[in-house]
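Undergrad: Just so it is clear, I am handing over entry-v5.txt, which has compact mmCIF, C-alpha atoms.
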```txt
# COMPACT_ATOMS: atom_id res chain seq x y z
CA MET A 1 -144.87 -69.90 4.41
CA GLY A 2 -143.32 -67.53 6.88
CA SER A 3 -141.83 -70.32 8.98
CA THR A 4 -140.25 -71.85 5.88
CA ASP A 5 -138.62 -68.52 5.00
CA ASP A 6 -137.39 -68.15 8.57
CA ARG A 7 -135.78 -71.59 8.48
CA ALA A 8 -134.15 -70.81 5.11
CA GLN A 9 -132.75 -67.57 6.47
CA ALA A 10 -131.47 -69.37 9.56
CA HIS A 11 -129.69 -71.98 7.45
CA THR A 12 -128.16 -69.21 5.33
CA LEU A 13 -126.89 -67.40 8.43
CA GLU A 14 -125.45 -70.63 9.83
CA ALA A 15 -123.64 -71.35 6.57
CA PHE A 16 -122.30 -67.81 6.44
CA ALA A 17 -121.12 -68.01 10.05
CA ALA A 18 -119.42 -71.36 9.37
CA ALA A 19 -117.66 -69.89 6.34
CA ILE A 20 -116.39 -66.99 8.43
CA LEU A 21 -115.10 -69.38 11.10
CA LEU A 22 -113.38 -71.49 8.45
CA VAL A 23 -111.64 -68.47 6.88
CA ALA A 24 -110.62 -67.16 10.30
CA GLY A 25 -109.19 -70.56 11.21
CA LEU A 26 -107.16 -70.78 8.01
CA THR A 27 -105.87 -67.24 8.46
CA PHE A 28 -104.75 -68.00 12.01
CA ALA A 29 -103.05 -71.21 10.90
CA LEU A 30 -101.14 -69.42 8.14
CA GLN A 31 -100.02 -66.67 10.52
CA ALA A 32 -98.87 -69.24 13.07
CA THR A 33 -96.90 -71.13 10.42
CA ALA A 34 -95.21 -67.94 9.22
CA VAL A 35 -93.49 -67.39 12.56
CA THR A 36 -92.44 -70.92 13.41
CA PRO A 37 -88.72 -71.76 13.82
CA LEU A 38 -88.95 -73.88 10.69
CA SER A 39 -89.10 -70.80 8.50
CA ALA A 40 -86.06 -69.24 10.15
CA SER A 41 -84.22 -72.52 9.84
CA THR A 42 -85.07 -72.76 6.17
CA SER A 43 -83.86 -69.19 5.62
CA ASN A 44 -80.60 -69.88 7.48
CA GLN A 45 -80.08 -73.06 5.49
CA HIS A 46 -80.48 -71.12 2.27
CA ILE A 47 -77.88 -68.56 3.39
CA GLU A 48 -75.48 -71.29 4.47
CA ASN A 49 -75.85 -73.11 1.15
CA GLN A 50 -75.20 -69.86 -0.67
CA GLN A 51 -72.08 -69.10 1.36
CA ARG A 52 -70.78 -72.64 0.83
CA ALA A 53 -71.23 -72.33 -2.92
CA VAL A 54 -69.49 -68.95 -3.00
CA ALA A 55 -66.56 -70.29 -0.93
CA GLY A 56 -66.22 -73.27 -3.27
CA ASP A 57 -66.29 -71.03 -6.34
CA LEU A 58 -63.66 -68.73 -4.83
CA LEU A 59 -61.34 -71.67 -4.15
CA ALA A 60 -61.86 -73.06 -7.65
CA THR A 61 -61.19 -69.71 -9.32
CA SER A 62 -58.13 -68.99 -7.16
CA ALA A 63 -56.75 -72.45 -7.89
CA GLU A 64 -57.18 -72.02 -11.63
CA ASN A 65 -55.45 -68.62 -11.80
CA GLY A 66 -52.60 -69.64 -9.45
CA ASP A 67 -53.51 -67.30 -6.58
CA LEU A 68 -54.31 -70.14 -4.19
CA GLN A 69 -50.98 -71.89 -4.69
CA ALA A 70 -49.10 -68.61 -4.37
CA ALA A 71 -50.83 -67.93 -1.04
CA ILE A 72 -50.06 -71.30 0.55
CA LEU A 73 -46.41 -70.98 -0.57
CA ARG A 74 -45.90 -67.60 1.12
CA TRP A 75 -43.88 -69.37 3.77
CA ASN A 76 -40.78 -68.19 5.60
CA PRO A 77 -38.82 -71.48 6.00
CA GLU A 78 -36.39 -70.11 8.59
CA ASN A 79 -38.99 -68.56 10.90
CA GLU A 80 -41.36 -71.40 10.03
CA THR A 81 -44.35 -69.12 9.67
CA PHE A 82 -46.29 -67.50 6.87
CA ALA A 83 -44.67 -64.24 5.84
CA SER A 84 -46.62 -61.01 6.16
CA SER A 85 -46.62 -58.07 3.79
CA PRO A 86 -44.62 -55.87 3.71
CA PRO A 87 -41.54 -58.06 4.38
CA GLU A 88 -40.09 -55.73 7.01
CA VAL A 89 -42.63 -57.11 9.49
CA ASP A 90 -40.05 -59.89 9.85
CA GLY A 91 -42.11 -62.89 8.93
CA GLU A 92 -45.00 -62.55 11.34
CA GLY A 93 -48.03 -64.63 10.46
CA TYR A 94 -50.41 -62.23 8.77
CA ALA A 95 -53.48 -64.31 9.42
CA ARG A 96 -53.75 -64.39 13.20
CA ALA A 97 -55.72 -61.19 13.68
CA ALA A 98 -57.04 -59.83 10.41
CA GLY A 99 -58.11 -56.23 10.92
CA PRO A 100 -61.05 -54.29 9.48
CA ASN A 101 -59.09 -53.63 6.30
CA GLY A 102 -58.76 -57.32 5.56
CA PHE A 103 -55.45 -58.80 4.57
CA ASP A 104 -53.85 -55.70 3.04
CA GLY A 105 -52.27 -57.54 0.12
CA ALA A 106 -50.45 -60.08 2.29
CA LEU A 107 -52.08 -62.97 0.45
CA GLY A 108 -51.86 -61.48 -3.02
CA GLY A 109 -54.78 -62.17 -5.34
CA PHE A 110 -56.22 -64.77 -2.96
CA GLY A 111 -56.37 -62.22 -0.14
CA GLU A 112 -57.98 -59.65 -2.42
CA ALA A 113 -60.62 -62.18 -3.42
CA LEU A 114 -61.30 -62.98 0.25
CA ASN A 115 -61.61 -59.28 1.08
CA ARG A 116 -63.96 -58.61 -1.81
CA THR A 117 -66.10 -61.70 -1.33
CA PHE A 118 -66.29 -62.05 2.46
CA ILE A 119 -64.47 -59.51 4.64
CA ASP A 120 -66.10 -56.47 3.02
CA ARG A 121 -69.48 -58.10 3.72
CA GLN A 122 -68.76 -58.71 7.41
CA ILE A 123 -68.17 -62.44 6.93
CA ALA A 124 -65.26 -63.95 8.85
CA VAL A 125 -62.84 -66.43 7.29
CA ASN A 126 -60.52 -69.16 8.51
CA VAL A 127 -58.27 -71.01 6.07
CA GLU A 128 -56.63 -74.25 7.17
CA LEU A 129 -54.09 -76.38 5.32
CA ARG A 130 -54.21 -80.14 5.87
CA HIS A 131 -51.09 -82.16 5.11
CA TYR A 132 -48.81 -84.92 6.38
CA ASN A 133 -45.94 -84.02 8.68
CA THR A 134 -43.75 -87.06 7.92
CA THR A 135 -42.75 -88.85 4.76
CA ALA A 136 -44.25 -92.03 6.17
CA ARG A 137 -47.67 -90.32 6.31
CA THR A 138 -48.16 -91.41 9.89
CA GLU A 139 -49.84 -88.22 11.04
CA ARG A 140 -51.93 -85.63 9.27
CA ARG A 141 -51.70 -82.12 10.61
CA THR A 142 -53.43 -78.79 10.09
CA THR A 143 -51.51 -75.56 9.57
CA SER A 144 -53.45 -72.31 9.92
CA LEU A 145 -53.12 -69.89 7.02
CA ILE A 146 -55.85 -67.52 8.20
CA ASP A 147 -57.32 -67.45 11.71
CA MET A 148 -60.10 -64.94 12.44
CA GLY A 149 -61.40 -66.70 15.51
CA THR A 150 -63.80 -69.46 16.51
CA PRO A 151 -66.46 -70.18 13.86
CA SER A 152 -70.11 -69.87 14.83
CA ASP A 153 -72.58 -72.77 14.78
CA ASN A 154 -73.74 -71.63 11.34
CA ALA A 155 -70.27 -71.74 9.76
CA VAL A 156 -69.87 -73.51 6.42
CA THR A 157 -66.82 -75.06 4.78
CA ALA A 158 -65.39 -75.71 1.33
CA THR A 159 -62.21 -77.56 0.35
CA ARG A 160 -59.77 -77.71 -2.54
CA THR A 161 -56.68 -79.89 -2.95
CA VAL A 162 -53.52 -78.35 -4.40
CA ALA A 163 -50.72 -80.49 -5.87
CA LEU A 164 -47.21 -79.12 -5.23
CA ALA A 165 -44.22 -80.17 -7.32
CA ASN A 166 -40.64 -80.59 -6.07
CA ASP A 167 -39.40 -77.66 -8.15
CA THR A 168 -42.11 -75.30 -6.89
CA ASN A 169 -40.67 -72.04 -5.52
CA LEU A 170 -41.77 -70.32 -2.35
CA THR A 171 -43.43 -66.92 -2.74
CA ALA A 172 -42.38 -65.33 0.57
CA PRO A 173 -40.27 -62.17 0.13
CA GLY A 174 -36.58 -63.10 0.12
CA TYR A 175 -37.20 -66.82 -0.39
CA GLU A 176 -38.45 -66.87 -3.98
CA SER A 177 -35.43 -68.94 -5.05
CA SER A 178 -36.06 -71.68 -2.48
CA THR A 179 -37.82 -74.79 -3.77
CA LEU A 180 -39.83 -77.39 -1.87
CA GLY A 181 -37.43 -80.10 -2.99
CA GLY A 182 -34.47 -78.01 -1.91
CA LEU A 183 -35.96 -77.53 1.55
CA ALA A 184 -36.65 -81.25 1.85
CA ASP A 185 -33.12 -82.38 0.95
CA GLY A 186 -31.34 -79.58 2.79
CA THR A 187 -30.12 -77.74 -0.32
CA ASP A 188 -32.07 -74.67 0.82
CA SER A 189 -32.19 -73.42 4.41
CA GLY A 190 -35.23 -74.02 6.55
CA GLU A 191 -38.25 -76.31 6.50
CA PHE A 192 -41.62 -76.35 4.81
CA TYR A 193 -44.75 -77.02 6.86
CA ALA A 194 -45.72 -80.08 4.78
CA ALA A 195 -43.51 -83.15 4.41
CA ASP A 196 -42.35 -84.58 1.09
CA THR A 197 -44.85 -87.41 0.60
CA GLY A 198 -45.03 -87.53 -3.18
CA SER A 199 -43.18 -89.53 -5.79
CA GLY A 200 -41.41 -88.45 -8.95
CA ARG A 201 -41.94 -84.73 -9.53
CA LEU A 202 -44.75 -84.54 -6.98
CA PHE A 203 -43.79 -83.10 -3.59
CA ALA A 204 -47.10 -83.31 -1.75
CA TYR A 205 -50.82 -82.66 -1.81
CA VAL A 206 -52.18 -79.91 0.44
CA GLU A 207 -55.89 -79.73 1.18
CA VAL A 208 -57.09 -76.14 1.58
CA ARG A 209 -60.13 -75.86 3.84
CA ILE A 210 -61.98 -72.54 4.05
CA VAL A 211 -64.46 -71.84 6.86
CA VAL A 212 -66.79 -68.82 6.66
CA TRP A 213 -69.39 -67.41 9.04
CA ARG A 214 -71.13 -64.09 9.62
CA MET A 215 -69.40 -61.85 12.17
```
Reformat the file's structure so that it appears as structure tokens.
TA:
Amino acid sequence: MGSTDDRAQAHTLEAFAAAILLVAGLTFALQATAVTPLSASTSNQHIENQQRAVAGDLLATSAENGDLQAAILRWNPENETFASSPPEVDGEGYARAAGPNGFDGALGGFGEALNRTFIDRQIAVNVELRHYNTTARTERRTTSLIDMGTPSDNAVTATRTVALANDTNLTAPGYESSTLGGLADGTDSGEFYAADTGSGRLFAYVEVRIVVWRM
């Protein structure tokens, strides 16, 4: 009888020990999985997707309320550069070295939205404008509206196309009476960065590409 009890106790101890080993193995496996690069990658991907969605929403909202078009039309046709604010800066491109205070009103409502959404949160922004440089559409070029440096490997992008009409006025201080059609046919002084490639009332399409990354 005693030997039977001893064997039963031995089997119980073996089962208990096996259960402990199994739990320990699972715990180790879970801890190892928690620190693998896959988790960090998944987290980064989530952040990138979020930033891409926010950038797209900002472009959509700015396009709907007119701020985006006003920003890409803030062009000094004689200096052939985007005009800064205030105008006494003599037409220097405001986007080449955005400071810690953001764009200081130089881009109007679009700049304020960029400050509020990205700059204030230590997220850098580049904004590029893609367009044709000749009426024959032989070459597509990129004009920089905002340049805060070289994007990181984790940068994300969003795009929005803006249609510009021939009778659209510039928004740069001192050139509000100049129209895109007038610049194209020589009625107004200077040149616009995009060529007249449209037909009828359409002057051209400009693709706005925004690139964001954490500083």
Undergrad: Measuring between all atoms listed in the file, which one of A:Thr142, A:Thr81, A:Asn115, A:Asn49 shows the shortest distance to A:Glu207?
TA: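 Residue with the minimum atom-to-atom distance to A:Glu207: A:Thr142.
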Undergrad: Compare A:Gly111, A:Leu68, A:Ala195, A:Arg74 by their minimum atom-to-atom distance to A:Asn169, counting all atoms listed in the file, and give me the closest one.
TA: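 When distances to A:Asn169 are compared using all atoms listed in the file, the smallest one comes from A:Arg74.
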Undergrad: Find, counting only C-alpha atoms, the residue in A:Ala83, A:Leu129, A:Leu73, A:Ala113 that gets nearest to A:Asp57.
TA: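 The answer is A:Ala113, which sits nearest to A:Asp57.
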Undergrad: Between A:Ala184, A:Ala155, A:Met148, A:Val208, which has the minimum distance to A:Leu59 (counting only C-alpha atoms)?
TA: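 Smallest separation from A:Leu59 among the options: A:Val208.
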Undergrad: Go through A:Ser62, A:Asn166, A:Ser189, A:Gln51 and flag the residue nearest A:Ile123, using all atoms listed in the file for the distances.
TA: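 Once distances to A:Ile123 are computed over all atoms listed in the file, the minimum belongs to A:Gln51.
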Undergrad: I'd like to know which of A:Glu176, A:Asp196, A:Glu139, A:Asp120 is closest to A:Asn76, using all atoms listed in the file.
TA: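 Counting all atoms listed in the file, the residue closest to A:Asn76 is A:Glu176.
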Undergrad: Please compute the atom CA of A:Asp67-atom CA of A:Glu112 distance, one decimal, in Å.
TA: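 One can read the atom CA of A:Asp67 to atom CA of A:Glu112 distance as 9.8 Å.
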Undergrad: What is the atom CA of A:Val156-atom CA of A:Arg141 distance in Å, reported with one decimal?
TA: 20.5 Å
Undergrad: Distance atom CA of A:Thr150-atom CA of A:Glu128, one decimal place?
TA: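 Result for atom CA of A:Thr150 versus atom CA of A:Glu128: 12.7 Å, one decimal.
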Undergrad: Could you pull the residues within 10 Å of A:Arg201, counting all atoms listed in the file, minus those fewer than 3 positions along the same chain, as a ChimeraX atom specification?
TA: /A:164-168,181,198,204
Undergrad: Let's have the selection written as a CSV table (one decimal), keeping the file's coordinate frame, with C-alpha atoms.
TA:
```csv
chain,number,residue,atom,x,y,z
A,164,LEU,CA,-47.2,-79.1,-5.2
A,165,ALA,CA,-44.2,-80.2,-7.3
A,166,ASN,CA,-40.6,-80.6,-6.1
A,167,ASP,CA,-39.4,-77.7,-8.2
A,168,THR,CA,-42.1,-75.3,-6.9
A,181,GLY,CA,-37.4,-80.1,-3.0
A,198,GLY,CA,-45.0,-87.5,-3.2
A,204,ALA,CA,-47.1,-83.3,-1.8
```
Undergrad: Extract, using only C-alpha atoms, all DNA, RNA and protein residues at most 10 Å from A:Trp213, discarding same-chain residues fewer than 5 positions from it, and format them as a PyMOL selection string.
TA: chain A and resi 48+51-52+118+122-126+150-157
Undergrad: Using C-alpha atoms, can you export the residues from the last selection as a compact mmCIF listing (two decimals), in the frame of the given file?
TA:
```txt
# COMPACT_ATOMS: atom_id res chain seq x y z
CA GLU A 48 -75.48 -71.29 4.47
CA GLN A 51 -72.08 -69.10 1.36
CA ARG A 52 -70.78 -72.64 0.83
CA PHE A 118 -66.29 -62.05 2.46
CA GLN A 122 -68.76 -58.71 7.41
CA ILE A 123 -68.17 -62.44 6.93
CA ALA A 124 -65.26 -63.95 8.85
CA VAL A 125 -62.84 -66.43 7.29
CA ASN A 126 -60.52 -69.16 8.51
CA THR A 150 -63.80 -69.46 16.51
CA PRO A 151 -66.46 -70.18 13.86
CA SER A 152 -70.11 -69.87 14.83
CA ASP A 153 -72.58 -72.77 14.78
CA ASN A 154 -73.74 -71.63 11.34
CA ALA A 155 -70.27 -71.74 9.76
CA VAL A 156 -69.87 -73.51 6.42
CA THR A 157 -66.82 -75.06 4.78
```
